[in-house]
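J.: First the structure, then my questions, so here it is.
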Amino acid sequence: MKFIADAMLGRLARWLRLLGFDTLYFPDIEDHRLLRIAREEDRTILTRDTRLVKVRGLKNFLLLHDNDPFEQLTRVLKAFSLYPPEQADSGKEGRPRLYSRCSLCNTLLEDVPKEQAKPSVPEYVYQTAGGFKQCPQCGKFYWKGTHPALLKKKLNEILSGL
Ligand SMILES: [Zn+2]
């Protein structure tokens, strides 16, 4: 399942990516472009715009009423019966994997040797972190501990409540 989120749903898009779902998001995108990408790439539109969903013939969308991104995330996961993604290291082929995607640009992360991360991460991280991943698109490095504990706790709460 692939998504495209409207301009009001930037934080939701980040959470979905953290869960491993392919989610496009552009901070400012015109409606017609968003609709075209959704159609061409077979993406479900996530939107808060009541006007947008009145477009004739629009089928694959979810209109969200909540302001809170975690409420929005819960709504999306429930609406499409999306099972909790596998934990990062036990993912099966084709299923979304937790923390497998760049939260900034949606690209799948790649494992990289520790030495490759050295110039780009703080010294103590290099010394203590186990494995490193890098986004091949924007170059951002990820490691265990990249995501704040509070965020992980919140995500786990949502997933266990489904
Ligand atoms: Zn990236």
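Identifiers for the structure tokens are assigned positionally: chains receive A, B, ... in sequence, residues are indexed from 1 per chain, and ligands are indexed from 1 in the order shown.
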What's around Gln116 (chain A) at 10 Å? Count only C-alpha atoms, leave out sequence neighbours fewer than 3 positions away in its own chain, and write the answer as a list in words.
T.: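 What passes the distance filter is Val112, Pro113, Pro119, Ser120, Val121, Phe132, Lys133, Gln134 and Phe141 of chain A.
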J.: Can you write out the residues you just picked, keeping C-alpha atoms, as a PDB file, in the first residue's frame?
T.:
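Saved file again.pdb follows:
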ATOM      1  CA  VAL A 112      26.511   0.715   5.406  1.00  0.00           C
ATOM      2  CA  PRO A 113      29.806  -0.227   7.033  1.00  0.00           C
ATOM      3  CA  PRO A 119      32.956  11.404   9.232  1.00  0.00           C
ATOM      4  CA  SER A 120      29.254  12.222   9.476  1.00  0.00           C
ATOM      5  CA  VAL A 121      28.217  11.163  12.961  1.00  0.00           C
ATOM      6  CA  PHE A 132      24.479   2.104  10.549  1.00  0.00           C
ATOM      7  CA  LYS A 133      22.094   2.728   7.684  1.00  0.00           C
ATOM      8  CA  GLN A 134      22.219   5.496   5.133  1.00  0.00           C
ATOM      9  CA  PHE A 141      22.716   8.408   8.377  1.00  0.00           C
TER      10      PHE A 141
END
J.: With a distance cut-off of 6 Å and only C-alpha atoms, select the neighbouring residues of Thr44 (chain A), excluding the residue or stretch itself and same-chain residues fewer than 3 positions from it, and output the selection as number ranges by chain.
T.: A: 3, 60-61
J.: Write the residues you've just listed into a file as a PDB file, in the first residue's frame, and include N, CA and C atoms for each of them.
T.:
ATOM      1  N   PHE A   3       1.115   5.633  -0.323  1.00  0.00           N
ATOM      2  CA  PHE A   3       0.331   6.817  -0.004  1.00  0.00           C
ATOM      3  C   PHE A   3       0.933   8.073  -0.616  1.00  0.00           C
ATOM      4  N   ASN A  60      -9.627   6.439  -4.343  1.00  0.00           N
ATOM      5  CA  ASN A  60      -8.653   5.994  -3.339  1.00  0.00           C
ATOM      6  C   ASN A  60      -8.163   7.147  -2.477  1.00  0.00           C
ATOM      7  N   PHE A  61      -8.929   7.425  -1.428  1.00  0.00           N
ATOM      8  CA  PHE A  61      -8.506   8.500  -0.539  1.00  0.00           C
ATOM      9  C   PHE A  61      -9.024   8.228   0.863  1.00  0.00           C
TER      10      PHE A  61
END
J.: Residues of chain A that approach ligand 1 to 10 Å or less, counting only C-alpha atoms and all ligand atoms: could you list each one with the shortest pair of atoms and its distance in Å to one decimal, rows by chain and increasing residue number, as a Markdown table?
T.:
| residue | atom | partner | partner_atom_place_in_ligand_line | distance |
| --- | --- | --- | --- | --- |
| A:Arg101 | CA | ligand 1 | 1 (Zn) | 7.9 |
| A:Cys102 | CA | ligand 1 | 1 (Zn) | 4.6 |
| A:Ser103 | CA | ligand 1 | 1 (Zn) | 6.7 |
| A:Leu104 | CA | ligand 1 | 1 (Zn) | 5.1 |
| A:Cys105 | CA | ligand 1 | 1 (Zn) | 4.2 |
| A:Asn106 | CA | ligand 1 | 1 (Zn) | 6.2 |
| A:Thr107 | CA | ligand 1 | 1 (Zn) | 5.6 |
| A:Leu108 | CA | ligand 1 | 1 (Zn) | 8.1 |
| A:Leu109 | CA | ligand 1 | 1 (Zn) | 7.8 |
| A:Gln134 | CA | ligand 1 | 1 (Zn) | 7.9 |
| A:Cys135 | CA | ligand 1 | 1 (Zn) | 4.6 |
| A:Pro136 | CA | ligand 1 | 1 (Zn) | 6.8 |
| A:Gln137 | CA | ligand 1 | 1 (Zn) | 5.1 |
| A:Cys138 | CA | ligand 1 | 1 (Zn) | 4.1 |
| A:Gly139 | CA | ligand 1 | 1 (Zn) | 6.1 |
| A:Lys140 | CA | ligand 1 | 1 (Zn) | 5.8 |
| A:Phe141 | CA | ligand 1 | 1 (Zn) | 8.7 |
| A:Tyr142 | CA | ligand 1 | 1 (Zn) | 9.9 |
J.: Could you write those residues out with C-alpha atoms, as an mmCIF file, in the first residue's frame?
T.:
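What follows is the written file part_34.cif:
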data_model
loop_
_atom_site.group_PDB
_atom_site.id
_atom_site.type_symbol
_atom_site.label_atom_id
_atom_site.label_comp_id
_atom_site.auth_asym_id
_atom_site.auth_seq_id
_atom_site.Cartn_x
_atom_site.Cartn_y
_atom_site.Cartn_z
ATOM 1 C CA ARG A 101 12.769 4.178 5.191
ATOM 2 C CA CYS A 102 14.225 7.687 5.302
ATOM 3 C CA SER A 103 11.798 9.874 7.221
ATOM 4 C CA LEU A 104 12.943 12.928 5.282
ATOM 5 C CA CYS A 105 12.655 11.704 1.709
ATOM 6 C CA ASN A 106 10.901 8.304 1.736
ATOM 7 C CA THR A 107 13.826 6.353 0.227
ATOM 8 C CA LEU A 108 14.611 2.824 1.455
ATOM 9 C CA LEU A 109 17.698 2.846 3.664
ATOM 10 C CA GLN A 134 22.219 5.496 5.133
ATOM 11 C CA CYS A 135 19.681 7.051 2.817
ATOM 12 C CA PRO A 136 21.080 6.671 -0.715
ATOM 13 C CA GLN A 137 19.002 9.658 -1.822
ATOM 14 C CA CYS A 138 19.700 12.429 0.709
ATOM 15 C CA GLY A 139 22.704 10.878 2.465
ATOM 16 C CA LYS A 140 21.286 11.004 5.989
ATOM 17 C CA PHE A 141 22.716 8.408 8.377
ATOM 18 C CA TYR A 142 20.563 6.413 10.769
#
J.: Excluding Glu157 (chain A) and any residue of its chain fewer than 5 positions from it, enumerate the residues within 12 Å of it, using only C-alpha atoms, and give them as a list in words.
T.: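 In the requested format, the answer is Phe70, Glu71, Leu73, Thr74, Pro84, Leu150, Leu151, Lys152 and Leu162 of chain A.
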J.: Got a sec to tell me which of region 34-128 of chain A DSSP assigns to alpha helix (DSSP H), as a list in words?
T.: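 Assigned to alpha helix (DSSP H), within region 34-128 of chain A: Leu34, Leu35, Arg36, Ile37, Ala38, Arg39, Glu40, Pro69, Phe70, Glu71, Gln72, Leu73, Thr74, Arg75, Val76, Leu77, Lys78, Ala79, Lys114, Glu115, Gln116, Ala117, Glu123, Tyr124, Val125, Tyr126, Gln127 and Thr128 of chain A.
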